Amino acid sequence: MNNLKAKFEKLTAHFSPKIIGEVNDVYIKIVKILGDEVPWHIHKNEDELFYIVEGELLFEIEGLTSFTMTKGDIFIVQKGINHRISSKKECKIMLIEPKSTLHTGNKNVDITKTLNQQFL
């Protein structure tokens with residue numbers, strides 16, 4: 001059994017997702033976001049589910065829209081969609097995504113984490 005609040009308390013860095021479980025070929029991850037360091041990026045072959053546990057998240061889809069997500073909101077970004085996220089105050093997010101999903105998609109930047117760096 002996992003306690004989500006306890007898992008978030010173990011996170012020490014922002015923009016550093018951690019795997020807290022897996023179901024079949026999908027990882028369940030948590031991450032804290034603060035600021036705008038996540039670059040525009042694409043996941044060519046994977047959809048991602050974002051669930052806001054606490055705080056507010058600005059979600060941007062290039063050329064289409066931007067919207068603010070708040071506690072309890074869920075959004076699925078489809079594969080091939082160029083997107084980025086940011087938050088003015090700390091935001092806690094749960095991600096559900098295929099095991100093949102790269103942290104920052106087609107971009108390799110300072111905050112990019114390898115799979116091995118994502119295990120809690």
# chains A, B, ... in the order shown; residues from 1 in each chain; ligands from 1
call {"tool": "residues_around", "arguments": {"residues": "range 41-44 of chain A", "least_positions_apart": "6", "cutoff": "10 Å", "atoms": "only C-alpha atoms", "output": "JSON, numbers by chain"}}
result
{"A": [61, 62, 77, 78, 79, 80, 81, 82, 83, 84, 85, 100, 101, 102, 103, 104, 105, 106, 107, 108]}
call {"tool": "select_by_dssp", "arguments": {"residues": "range 3-64 of chain A", "states": "alpha helix (DSSP H)", "output": "list in words"}}
result
Leu4, Lys5, Ala6, Lys7, Phe8 and Glu9 of chain A
call {"tool": "closest_residue", "arguments": {"among": "A:Thr65, A:Thr70, A:Asn2, A:Ser86", "to": "Val53 in chain A", "atoms": "only C-alpha atoms"}}
result
A:Thr70
call {"tool": "select_by_dssp", "arguments": {"residues": "chain A", "states": "strand (DSSP E or B)", "output": "JSON, numbers by chain"}}
result
{"A": [18, 19, 20, 21, 22, 23, 26, 27, 28, 29, 30, 31, 32, 33, 34, 35, 41, 48, 49, 50, 51, 52, 53, 54, 56, 57, 58, 59, 60, 61, 65, 66, 67, 68, 69, 70, 74, 75, 76, 77, 83, 84, 85, 86, 87, 88, 89, 90, 91, 92, 93, 94, 95, 96, 97, 98, 119]}
call {"tool": "residues_around", "arguments": {"residues": "Ile30 in chain A", "least_positions_apart": "4", "cutoff": "6 Å", "atoms": "only C-alpha atoms", "output": "mmCIF file with N, CA and C atoms, in the first residue's frame"}}
result
data_model
loop_
_atom_site.group_PDB
_atom_site.id
_atom_site.type_symbol
_atom_site.label_atom_id
_atom_site.label_comp_id
_atom_site.auth_asym_id
_atom_site.auth_seq_id
_atom_site.Cartn_x
_atom_site.Cartn_y
_atom_site.Cartn_z
ATOM 1 N N PRO A 17 10.548 13.750 -11.672
ATOM 2 C CA PRO A 17 9.506 12.749 -11.442
ATOM 3 C C PRO A 17 10.064 11.477 -10.817
ATOM 4 N N LYS A 18 9.242 10.870 -9.961
ATOM 5 C CA LYS A 18 9.632 9.619 -9.315
ATOM 6 C C LYS A 18 8.545 8.576 -9.534
ATOM 7 N N ILE A 93 1.838 16.792 -8.894
ATOM 8 C CA ILE A 93 1.192 16.125 -10.022
ATOM 9 C C ILE A 93 1.436 14.620 -9.952
ATOM 10 N N MET A 94 0.417 13.852 -10.335
ATOM 11 C CA MET A 94 0.588 12.430 -10.584
ATOM 12 C C MET A 94 0.523 12.249 -12.098
#
call {"tool": "closest_residue", "arguments": {"among": "A:Lys29, A:Ser87, A:Ile52, A:Lys92", "to": "Asp73 in chain A", "atoms": "only C-alpha atoms"}}
result
A:Ile52
call {"tool": "residues_around", "arguments": {"residues": "Lys32 in chain A", "least_positions_apart": "4", "cutoff": "8 Å", "atoms": "only C-alpha atoms", "output": "mmCIF file with N, CA and C atoms, in the first residue's frame"}}
result
data_model
loop_
_atom_site.group_PDB
_atom_site.id
_atom_site.type_symbol
_atom_site.label_atom_id
_atom_site.label_comp_id
_atom_site.auth_asym_id
_atom_site.auth_seq_id
_atom_site.Cartn_x
_atom_site.Cartn_y
_atom_site.Cartn_z
ATOM 1 N N PHE A 8 4.981 12.139 -1.611
ATOM 2 C CA PHE A 8 5.340 13.506 -1.985
ATOM 3 C C PHE A 8 6.333 14.113 -0.999
ATOM 4 N N LEU A 11 9.944 13.703 -1.932
ATOM 5 C CA LEU A 11 10.500 14.428 -3.075
ATOM 6 C C LEU A 11 11.247 15.662 -2.577
ATOM 7 N N ALA A 13 13.332 17.571 -4.869
ATOM 8 C CA ALA A 13 13.621 18.474 -5.988
ATOM 9 C C ALA A 13 12.396 18.642 -6.881
ATOM 10 N N HIS A 14 12.291 19.813 -7.478
ATOM 11 C CA HIS A 14 11.248 20.063 -8.467
ATOM 12 C C HIS A 14 11.701 19.508 -9.820
ATOM 13 N N PHE A 15 10.747 19.245 -10.696
ATOM 14 C CA PHE A 15 11.004 18.758 -12.061
ATOM 15 C C PHE A 15 11.753 17.432 -12.079
ATOM 16 N N SER A 16 11.562 16.634 -11.047
ATOM 17 C CA SER A 16 12.256 15.353 -10.951
ATOM 18 C C SER A 16 11.243 14.253 -10.636
ATOM 19 N N PRO A 17 10.548 13.750 -11.672
ATOM 20 C CA PRO A 17 9.506 12.749 -11.442
ATOM 21 C C PRO A 17 10.064 11.477 -10.817
ATOM 22 N N GLU A 90 4.284 26.016 -6.050
ATOM 23 C CA GLU A 90 4.497 24.579 -6.127
ATOM 24 C C GLU A 90 3.203 23.833 -6.454
ATOM 25 N N CYS A 91 3.305 22.915 -7.395
ATOM 26 C CA CYS A 91 2.188 22.087 -7.834
ATOM 27 C C CYS A 91 2.621 20.624 -7.755
ATOM 28 N N LYS A 92 1.755 19.790 -7.199
ATOM 29 C CA LYS A 92 2.026 18.362 -7.083
ATOM 30 C C LYS A 92 1.180 17.624 -8.103
ATOM 31 N N ILE A 93 1.838 16.792 -8.894
ATOM 32 C CA ILE A 93 1.192 16.125 -10.022
ATOM 33 C C ILE A 93 1.436 14.620 -9.952
#
call {"tool": "residues_around", "arguments": {"residues": "Glu22 in chain A", "least_positions_apart": "2", "cutoff": "12 Å", "atoms": "only C-alpha atoms", "output": "list in words"}}
result
Lys18, Ile19, Ile20, Asn24, Asp25, Val26, Tyr27, Ile28, Lys29, Leu95, Ile96, Glu97, Pro98, Lys99 and Phe119 of chain A
call {"tool": "write_last_selection", "arguments": {"atoms": "all heavy atoms", "output": "compact mmCIF listing (two decimals), in the first residue's frame"}}
result
# COMPACT_ATOMS: atom_id res chain seq x y z
N LYS A 18 9.24 10.87 -9.96
CA LYS A 18 9.63 9.62 -9.32
C LYS A 18 8.55 8.58 -9.53
O LYS A 18 7.36 8.86 -9.41
CB LYS A 18 9.85 9.82 -7.82
CG LYS A 18 10.98 10.78 -7.49
CD LYS A 18 12.32 10.29 -8.00
CE LYS A 18 13.43 11.27 -7.65
NZ LYS A 18 14.69 10.93 -8.29
N ILE A 19 8.97 7.38 -9.85
CA ILE A 19 8.07 6.26 -10.08
C ILE A 19 7.64 5.70 -8.73
O ILE A 19 8.49 5.35 -7.90
CB ILE A 19 8.76 5.17 -10.92
CG1 ILE A 19 9.12 5.73 -12.30
CG2 ILE A 19 7.88 3.93 -11.02
CD1 ILE A 19 10.10 4.89 -13.08
N ILE A 20 6.32 5.63 -8.51
CA ILE A 20 5.81 5.09 -7.25
C ILE A 20 5.07 3.76 -7.45
O ILE A 20 4.66 3.14 -6.48
CB ILE A 20 4.91 6.10 -6.50
CG1 ILE A 20 3.67 6.46 -7.32
CG2 ILE A 20 5.73 7.33 -6.11
CD1 ILE A 20 2.61 7.22 -6.53
N ASN A 24 0.94 -3.08 -15.42
CA ASN A 24 1.24 -3.60 -16.76
C ASN A 24 2.39 -2.82 -17.38
O ASN A 24 3.47 -2.78 -16.80
CB ASN A 24 -0.03 -3.60 -17.62
CG ASN A 24 -1.12 -4.46 -17.02
OD1 ASN A 24 -0.85 -5.55 -16.53
ND2 ASN A 24 -2.34 -3.98 -17.04
N ASP A 25 2.19 -2.16 -18.51
CA ASP A 25 3.27 -1.43 -19.18
C ASP A 25 3.22 0.07 -18.90
O ASP A 25 3.67 0.87 -19.73
CB ASP A 25 3.19 -1.68 -20.70
CG ASP A 25 3.53 -3.12 -21.04
OD1 ASP A 25 4.33 -3.74 -20.30
OD2 ASP A 25 3.00 -3.63 -22.04
N VAL A 26 2.68 0.45 -17.75
CA VAL A 26 2.48 1.86 -17.41
C VAL A 26 3.13 2.16 -16.06
O VAL A 26 3.02 1.37 -15.13
CB VAL A 26 0.97 2.18 -17.34
CG1 VAL A 26 0.73 3.60 -16.88
CG2 VAL A 26 0.32 1.94 -18.71
N TYR A 27 3.82 3.30 -15.98
CA TYR A 27 4.36 3.78 -14.70
C TYR A 27 3.41 4.80 -14.10
O TYR A 27 2.81 5.61 -14.82
CB TYR A 27 5.71 4.45 -14.88
CG TYR A 27 6.88 3.51 -15.04
CD1 TYR A 27 7.81 3.70 -16.05
CD2 TYR A 27 7.08 2.45 -14.16
CE1 TYR A 27 8.89 2.85 -16.19
CE2 TYR A 27 8.16 1.59 -14.31
CZ TYR A 27 9.06 1.80 -15.32
OH TYR A 27 10.13 0.95 -15.45
N ILE A 28 3.32 4.79 -12.79
CA ILE A 28 2.64 5.82 -12.01
C ILE A 28 3.75 6.66 -11.40
O ILE A 28 4.61 6.12 -10.69
CB ILE A 28 1.76 5.22 -10.89
CG1 ILE A 28 0.87 4.10 -11.40
CG2 ILE A 28 0.98 6.34 -10.20
CD1 ILE A 28 -0.09 4.47 -12.49
N LYS A 29 3.76 7.96 -11.71
CA LYS A 29 4.83 8.84 -11.23
C LYS A 29 4.24 10.02 -10.49
O LYS A 29 3.10 10.41 -10.73
CB LYS A 29 5.65 9.38 -12.42
CG LYS A 29 6.31 8.33 -13.26
CD LYS A 29 7.06 8.95 -14.43
CE LYS A 29 7.68 7.91 -15.33
NZ LYS A 29 8.41 8.53 -16.46
N LEU A 95 1.46 11.49 -12.63
CA LEU A 95 1.51 11.19 -14.06
C LEU A 95 1.29 9.69 -14.25
O LEU A 95 1.82 8.88 -13.50
CB LEU A 95 2.88 11.55 -14.64
CG LEU A 95 3.32 12.99 -14.54
CD1 LEU A 95 4.81 13.12 -14.85
CD2 LEU A 95 2.50 13.84 -15.50
N ILE A 96 0.53 9.36 -15.27
CA ILE A 96 0.36 7.97 -15.67
C ILE A 96 0.76 7.91 -17.13
O ILE A 96 0.15 8.57 -17.98
CB ILE A 96 -1.08 7.48 -15.44
CG1 ILE A 96 -1.43 7.61 -13.95
CG2 ILE A 96 -1.23 6.04 -15.93
CD1 ILE A 96 -2.86 7.29 -13.62
N GLU A 97 1.81 7.14 -17.40
CA GLU A 97 2.34 7.13 -18.77
C GLU A 97 3.04 5.80 -19.06
O GLU A 97 3.52 5.13 -18.15
CB GLU A 97 3.30 8.30 -18.97
CG GLU A 97 4.42 8.42 -17.98
CD GLU A 97 5.17 9.73 -18.03
OE1 GLU A 97 4.62 10.74 -18.49
OE2 GLU A 97 6.32 9.74 -17.58
N PRO A 98 3.10 5.43 -20.35
CA PRO A 98 3.77 4.19 -20.72
C PRO A 98 5.23 4.19 -20.26
O PRO A 98 5.86 5.25 -20.15
CB PRO A 98 3.69 4.19 -22.26
CG PRO A 98 2.51 5.04 -22.57
CD PRO A 98 2.50 6.10 -21.52
N LYS A 99 5.75 3.02 -20.00
CA LYS A 99 7.13 2.90 -19.53
C LYS A 99 8.14 3.44 -20.53
O LYS A 99 9.25 3.82 -20.16
CB LYS A 99 7.44 1.44 -19.21
CG LYS A 99 6.69 0.92 -18.01
CD LYS A 99 7.02 -0.53 -17.74
CE LYS A 99 6.27 -1.03 -16.50
NZ LYS A 99 6.56 -2.43 -16.22
N PHE A 119 13.35 6.36 -10.18
CA PHE A 119 12.86 5.44 -9.16
C PHE A 119 12.99 6.08 -7.80
O PHE A 119 14.01 6.64 -7.46
CB PHE A 119 13.61 4.11 -9.22
CG PHE A 119 13.21 3.27 -10.40
CD1 PHE A 119 13.94 3.31 -11.57
CD2 PHE A 119 12.08 2.47 -10.34
CE1 PHE A 119 13.57 2.53 -12.66
CE2 PHE A 119 11.69 1.71 -11.43
CZ PHE A 119 12.44 1.75 -12.60
call {"tool": "atom_distance", "arguments": {"atom1": "CA of Glu56 in chain A", "atom2": "CA of Lys88 in chain A"}}
result
8.0 Å
call {"tool": "closest_residue", "arguments": {"among": "A:Thr114, A:Met69, A:Glu9, A:Asp47", "to": "Val31 in chain A", "atoms": "only C-alpha atoms"}}
result
A:Glu9
call {"tool": "decode", "arguments": {"residues": "range 14-27 of chain A", "atoms": "N, CA, C and O atoms", "output": "tab-separated table (two decimals), in the first residue's frame"}}
result
chain	number	residue	atom	x	y	z
A	14	HIS	N	12.29	19.81	-7.48
A	14	HIS	CA	11.25	20.06	-8.47
A	14	HIS	C	11.70	19.51	-9.82
A	14	HIS	O	12.89	19.34	-10.06
A	15	PHE	N	10.75	19.25	-10.70
A	15	PHE	CA	11.00	18.76	-12.06
A	15	PHE	C	11.75	17.43	-12.08
A	15	PHE	O	12.50	17.15	-13.00
A	16	SER	N	11.56	16.63	-11.05
A	16	SER	CA	12.26	15.35	-10.95
A	16	SER	C	11.24	14.25	-10.64
A	16	SER	O	11.07	13.86	-9.49
A	17	PRO	N	10.55	13.75	-11.67
A	17	PRO	CA	9.51	12.75	-11.44
A	17	PRO	C	10.06	11.48	-10.82
A	17	PRO	O	11.19	11.07	-11.10
A	18	LYS	N	9.24	10.87	-9.96
A	18	LYS	CA	9.63	9.62	-9.32
A	18	LYS	C	8.55	8.58	-9.53
A	18	LYS	O	7.36	8.86	-9.41
A	19	ILE	N	8.97	7.38	-9.85
A	19	ILE	CA	8.07	6.26	-10.08
A	19	ILE	C	7.64	5.70	-8.73
A	19	ILE	O	8.49	5.35	-7.90
A	20	ILE	N	6.32	5.63	-8.51
A	20	ILE	CA	5.81	5.09	-7.25
A	20	ILE	C	5.07	3.76	-7.45
A	20	ILE	O	4.66	3.14	-6.48
A	21	GLY	N	4.90	3.36	-8.70
A	21	GLY	CA	4.23	2.09	-8.97
A	21	GLY	C	4.16	1.82	-10.45
A	21	GLY	O	4.55	2.65	-11.28
A	22	GLU	N	3.68	0.64	-10.77
A	22	GLU	CA	3.49	0.28	-12.17
A	22	GLU	C	2.30	-0.65	-12.30
A	22	GLU	O	2.00	-1.42	-11.40
A	23	VAL	N	1.63	-0.51	-13.43
A	23	VAL	CA	0.50	-1.36	-13.78
A	23	VAL	C	0.72	-1.79	-15.23
A	23	VAL	O	0.74	-0.95	-16.13
A	24	ASN	N	0.94	-3.08	-15.42
A	24	ASN	CA	1.24	-3.60	-16.76
A	24	ASN	C	2.39	-2.82	-17.38
A	24	ASN	O	3.47	-2.78	-16.80
A	25	ASP	N	2.19	-2.16	-18.51
A	25	ASP	CA	3.27	-1.43	-19.18
A	25	ASP	C	3.22	0.07	-18.90
A	25	ASP	O	3.67	0.87	-19.73
A	26	VAL	N	2.68	0.45	-17.75
A	26	VAL	CA	2.48	1.86	-17.41
A	26	VAL	C	3.13	2.16	-16.06
A	26	VAL	O	3.02	1.37	-15.13
A	27	TYR	N	3.82	3.30	-15.98
A	27	TYR	CA	4.36	3.78	-14.70
A	27	TYR	C	3.41	4.80	-14.10
A	27	TYR	O	2.81	5.61	-14.82
